[in-house]
$ cat structure.txt   # compact mmCIF, N, CA and C atoms
# COMPACT_ATOMS: atom_id res chain seq x y z
N MET Y 1 102.09 54.09 54.26
CA MET Y 1 101.60 55.20 53.44
C MET Y 1 100.79 56.18 54.27
N VAL Y 2 99.95 55.63 55.15
CA VAL Y 2 99.16 56.51 56.03
C VAL Y 2 100.08 57.30 56.94
N HIS Y 3 101.08 56.61 57.51
CA HIS Y 3 101.99 57.30 58.40
C HIS Y 3 102.89 58.29 57.65
N GLY Y 4 103.18 57.99 56.40
CA GLY Y 4 104.01 58.90 55.60
C GLY Y 4 103.32 60.25 55.42
N SER Y 5 102.02 60.22 55.09
CA SER Y 5 101.29 61.48 54.91
C SER Y 5 101.15 62.18 56.27
N TRP Y 6 100.98 61.42 57.34
CA TRP Y 6 100.86 62.00 58.69
C TRP Y 6 102.15 62.74 59.04
N PHE Y 7 103.30 62.10 58.71
CA PHE Y 7 104.59 62.75 58.98
C PHE Y 7 104.79 63.97 58.10
N MET Y 8 104.30 63.93 56.85
CA MET Y 8 104.44 65.07 55.95
C MET Y 8 103.66 66.27 56.50
N VAL Y 9 102.44 66.02 56.96
CA VAL Y 9 101.60 67.10 57.49
C VAL Y 9 102.23 67.67 58.74
N HIS Y 10 102.59 66.80 59.69
CA HIS Y 10 103.18 67.28 60.93
C HIS Y 10 104.58 67.84 60.73
N GLY Y 11 105.31 67.31 59.75
CA GLY Y 11 106.65 67.82 59.46
C GLY Y 11 106.59 69.25 58.93
N SER Y 12 105.65 69.50 58.01
CA SER Y 12 105.52 70.87 57.48
C SER Y 12 105.02 71.81 58.58
N TRP Y 13 104.14 71.31 59.46
CA TRP Y 13 103.63 72.11 60.58
C TRP Y 13 104.79 72.47 61.51
N LEU Y 14 105.65 71.47 61.82
CA LEU Y 14 106.79 71.71 62.69
C LEU Y 14 107.80 72.66 62.05
N MET Y 15 108.00 72.53 60.74
CA MET Y 15 108.93 73.43 60.06
C MET Y 15 108.43 74.86 60.11
N ALA Y 16 107.13 75.05 59.87
CA ALA Y 16 106.56 76.40 59.91
C ALA Y 16 106.68 76.98 61.31
N HIS Y 17 106.31 76.22 62.31
CA HIS Y 17 106.38 76.71 63.68
C HIS Y 17 107.82 76.78 64.18
N GLY Y 18 108.68 75.92 63.66
CA GLY Y 18 110.09 75.97 64.05
C GLY Y 18 110.74 77.28 63.61
N SER Y 19 110.45 77.71 62.38
CA SER Y 19 111.01 78.99 61.91
C SER Y 19 110.42 80.13 62.72
N TRP Y 20 109.13 80.04 63.07
CA TRP Y 20 108.49 81.07 63.90
C TRP Y 20 109.17 81.13 65.26
N PHE Y 21 109.44 79.94 65.85
CA PHE Y 21 110.11 79.90 67.15
C PHE Y 21 111.55 80.41 67.05
N MET Y 22 112.22 80.14 65.93
CA MET Y 22 113.59 80.63 65.77
C MET Y 22 113.61 82.15 65.73
N VAL Y 23 112.68 82.73 64.98
CA VAL Y 23 112.62 84.20 64.88
C VAL Y 23 112.26 84.80 66.23
N HIS Y 24 111.20 84.30 66.85
CA HIS Y 24 110.77 84.85 68.13
C HIS Y 24 111.72 84.47 69.26
N GLY Y 25 112.37 83.32 69.13
CA GLY Y 25 113.34 82.92 70.15
C GLY Y 25 114.53 83.86 70.19
N SER Y 26 115.05 84.22 69.01
CA SER Y 26 116.17 85.16 68.98
C SER Y 26 115.71 86.53 69.48
N TRP Y 27 114.48 86.91 69.13
CA TRP Y 27 113.93 88.19 69.61
C TRP Y 27 113.83 88.17 71.12
N PHE Y 28 113.32 87.05 71.67
CA PHE Y 28 113.21 86.94 73.13
C PHE Y 28 114.58 86.91 73.79
N MET Y 29 115.57 86.28 73.14
CA MET Y 29 116.91 86.26 73.73
C MET Y 29 117.48 87.66 73.81
N VAL Y 30 117.31 88.45 72.74
CA VAL Y 30 117.83 89.82 72.73
C VAL Y 30 117.11 90.65 73.78
N HIS Y 31 115.78 90.60 73.77
CA HIS Y 31 115.03 91.41 74.73
C HIS Y 31 115.14 90.85 76.15
N GLY Y 32 115.34 89.54 76.28
CA GLY Y 32 115.52 88.95 77.60
C GLY Y 32 116.80 89.43 78.26
N SER Y 33 117.88 89.47 77.48
CA SER Y 33 119.14 89.97 78.05
C SER Y 33 119.02 91.45 78.35
N TRP Y 34 118.31 92.20 77.51
CA TRP Y 34 118.08 93.63 77.75
C TRP Y 34 117.29 93.80 79.04
N LEU Y 35 116.25 92.96 79.21
CA LEU Y 35 115.42 93.04 80.42
C LEU Y 35 116.22 92.64 81.65
N MET Y 36 117.11 91.65 81.51
CA MET Y 36 117.93 91.25 82.65
C MET Y 36 118.83 92.39 83.09
N VAL Y 37 119.45 93.07 82.13
CA VAL Y 37 120.34 94.19 82.46
C VAL Y 37 119.55 95.31 83.11
N HIS Y 38 118.44 95.70 82.50
CA HIS Y 38 117.65 96.80 83.04
C HIS Y 38 116.90 96.38 84.30
N GLY Y 39 116.54 95.09 84.41
CA GLY Y 39 115.89 94.62 85.61
C GLY Y 39 116.81 94.70 86.82
N SER Y 40 118.06 94.29 86.65
CA SER Y 40 119.02 94.40 87.75
C SER Y 40 119.30 95.86 88.07
N TRP Y 41 119.33 96.71 87.03
CA TRP Y 41 119.52 98.15 87.24
C TRP Y 41 118.35 98.71 88.04
N LEU Y 42 117.12 98.30 87.69
CA LEU Y 42 115.94 98.78 88.41
C LEU Y 42 115.92 98.25 89.84
N MET Y 43 116.36 97.00 90.03
CA MET Y 43 116.40 96.44 91.38
C MET Y 43 117.38 97.22 92.24
N ALA Y 44 118.54 97.54 91.68
CA ALA Y 44 119.54 98.29 92.44
C ALA Y 44 119.01 99.67 92.80
N HIS Y 45 118.41 100.36 91.84
CA HIS Y 45 117.89 101.69 92.11
C HIS Y 45 116.63 101.63 92.96
N GLY Y 46 115.86 100.53 92.84
CA GLY Y 46 114.68 100.38 93.68
C GLY Y 46 115.06 100.25 95.14
N SER Y 47 116.10 99.46 95.43
CA SER Y 47 116.54 99.33 96.81
C SER Y 47 117.12 100.65 97.31
N TRP Y 48 117.80 101.37 96.42
CA TRP Y 48 118.33 102.70 96.78
C TRP Y 48 117.18 103.63 97.12
N LEU Y 49 116.10 103.59 96.31
CA LEU Y 49 114.94 104.45 96.55
C LEU Y 49 114.23 104.05 97.84
N MET Y 50 114.17 102.74 98.11
CA MET Y 50 113.53 102.31 99.35
C MET Y 50 114.28 102.85 100.56
N VAL Y 51 115.60 102.91 100.46
CA VAL Y 51 116.40 103.45 101.57
C VAL Y 51 116.23 104.96 101.66
N ARG Y 52 116.26 105.64 100.51
CA ARG Y 52 116.25 107.09 100.50
C ARG Y 52 114.85 107.68 100.64
N ALA Y 53 113.83 107.00 100.13
CA ALA Y 53 112.49 107.57 100.07
C ALA Y 53 111.96 108.00 101.44
N PRO Y 54 112.06 107.18 102.51
CA PRO Y 54 111.56 107.64 103.81
C PRO Y 54 112.21 108.93 104.27
N ARG Y 55 113.52 109.04 104.05
CA ARG Y 55 114.23 110.24 104.46
C ARG Y 55 113.75 111.44 103.65
N MET Y 56 113.59 111.24 102.34
CA MET Y 56 113.13 112.33 101.48
C MET Y 56 111.70 112.71 101.83
N LEU Y 57 110.86 111.72 102.12
CA LEU Y 57 109.47 112.01 102.49
C LEU Y 57 109.41 112.75 103.82
N ARG Y 58 110.27 112.38 104.75
CA ARG Y 58 110.27 113.05 106.04
C ARG Y 58 110.66 114.52 105.87
N LYS Y 59 111.65 114.78 105.02
CA LYS Y 59 112.02 116.17 104.72
C LYS Y 59 110.85 116.91 104.11
N HIS Y 60 110.14 116.21 103.21
CA HIS Y 60 109.00 116.83 102.53
C HIS Y 60 107.90 117.15 103.54
N TRP Y 61 107.63 116.21 104.46
CA TRP Y 61 106.58 116.44 105.46
C TRP Y 61 106.98 117.55 106.42
N GLU Y 62 108.28 117.65 106.73
CA GLU Y 62 108.74 118.71 107.64
C GLU Y 62 108.61 120.08 106.99
N SER Y 63 108.67 120.14 105.67
CA SER Y 63 108.55 121.44 104.98
C SER Y 63 107.09 121.85 104.81
N ILE Y 64 106.15 120.93 105.02
CA ILE Y 64 104.73 121.27 104.82
C ILE Y 64 104.21 122.25 105.87
N PRO Y 65 104.53 122.16 107.18
CA PRO Y 65 103.99 123.13 108.13
C PRO Y 65 104.33 124.58 107.78
N GLN Y 66 105.54 124.84 107.28
CA GLN Y 66 105.88 126.19 106.87
C GLN Y 66 104.98 126.64 105.72
N LEU Y 67 104.65 125.71 104.84
CA LEU Y 67 103.77 126.06 103.72
C LEU Y 67 102.36 126.34 104.23
N SER Y 68 101.89 125.54 105.19
CA SER Y 68 100.52 125.73 105.67
C SER Y 68 100.42 126.99 106.53
N ASN Y 69 101.53 127.46 107.12
CA ASN Y 69 101.47 128.68 107.92
C ASN Y 69 101.24 129.89 107.05
N THR Y 70 101.68 129.84 105.80
CA THR Y 70 101.48 130.96 104.89
C THR Y 70 100.09 130.92 104.27
N ASN Y 71 99.35 129.86 104.56
CA ASN Y 71 98.00 129.73 104.01
C ASN Y 71 97.05 130.66 104.78
N PRO Y 72 96.32 131.56 104.14
CA PRO Y 72 95.43 132.50 104.85
C PRO Y 72 94.32 131.79 105.62
N MET Y 73 93.96 130.57 105.23
CA MET Y 73 92.90 129.85 105.95
C MET Y 73 93.34 129.54 107.37
N ASN Y 74 94.62 129.23 107.58
CA ASN Y 74 95.11 128.91 108.91
C ASN Y 74 95.22 130.16 109.78
N ASN Y 75 95.45 131.32 109.18
CA ASN Y 75 95.62 132.54 109.96
C ASN Y 75 94.30 133.01 110.56
N GLN Y 76 93.18 132.55 110.02
CA GLN Y 76 91.89 132.99 110.53
C GLN Y 76 91.57 132.35 111.87
N GLN Y 77 92.18 131.20 112.15
CA GLN Y 77 91.84 130.49 113.39
C GLN Y 77 92.38 131.22 114.62
$ encode --input "structure.txt" --output "structure tokens"
Amino acid sequence: MVHGSWFMVHGSWLMAHGSWFMVHGSWFMVHGSWLMVHGSWLMAHGSWLMVRAPRMLRKHWESIPQLSNTNPMNNQQ
């Protein structure tokens, strides 16, 4: 009898949390697959940016001296 009530309490607790886990589990499965797809997409583009960024930054830095030459502060020297 004591164990019966113990199982009833824990059984209802497990049922309540089981439905919560089912709802959130399906939500996590949907968003997990979405994150996997977008994560691999971000990884691919991240590696592309890592390759391209130094080249783009070098172009940017090379264009800065022309900009600073038009600055009137530099012409005073």
$ atom_distance --input "structure.txt" --atom1 "atom N of Leu49 in chain Y" --atom2 "atom N of Trp61 in chain Y"
17.2 Å
$ atom_distance --input "structure.txt" --atom1 "CA of Met56 in chain Y" --atom2 "atom C of Ala44 in chain Y"
16.4 Å
$ atom_distance --input "structure.txt" --atom1 "atom C of His24 in chain Y" --atom2 "CA of Met36 in chain Y"
16.2 Å
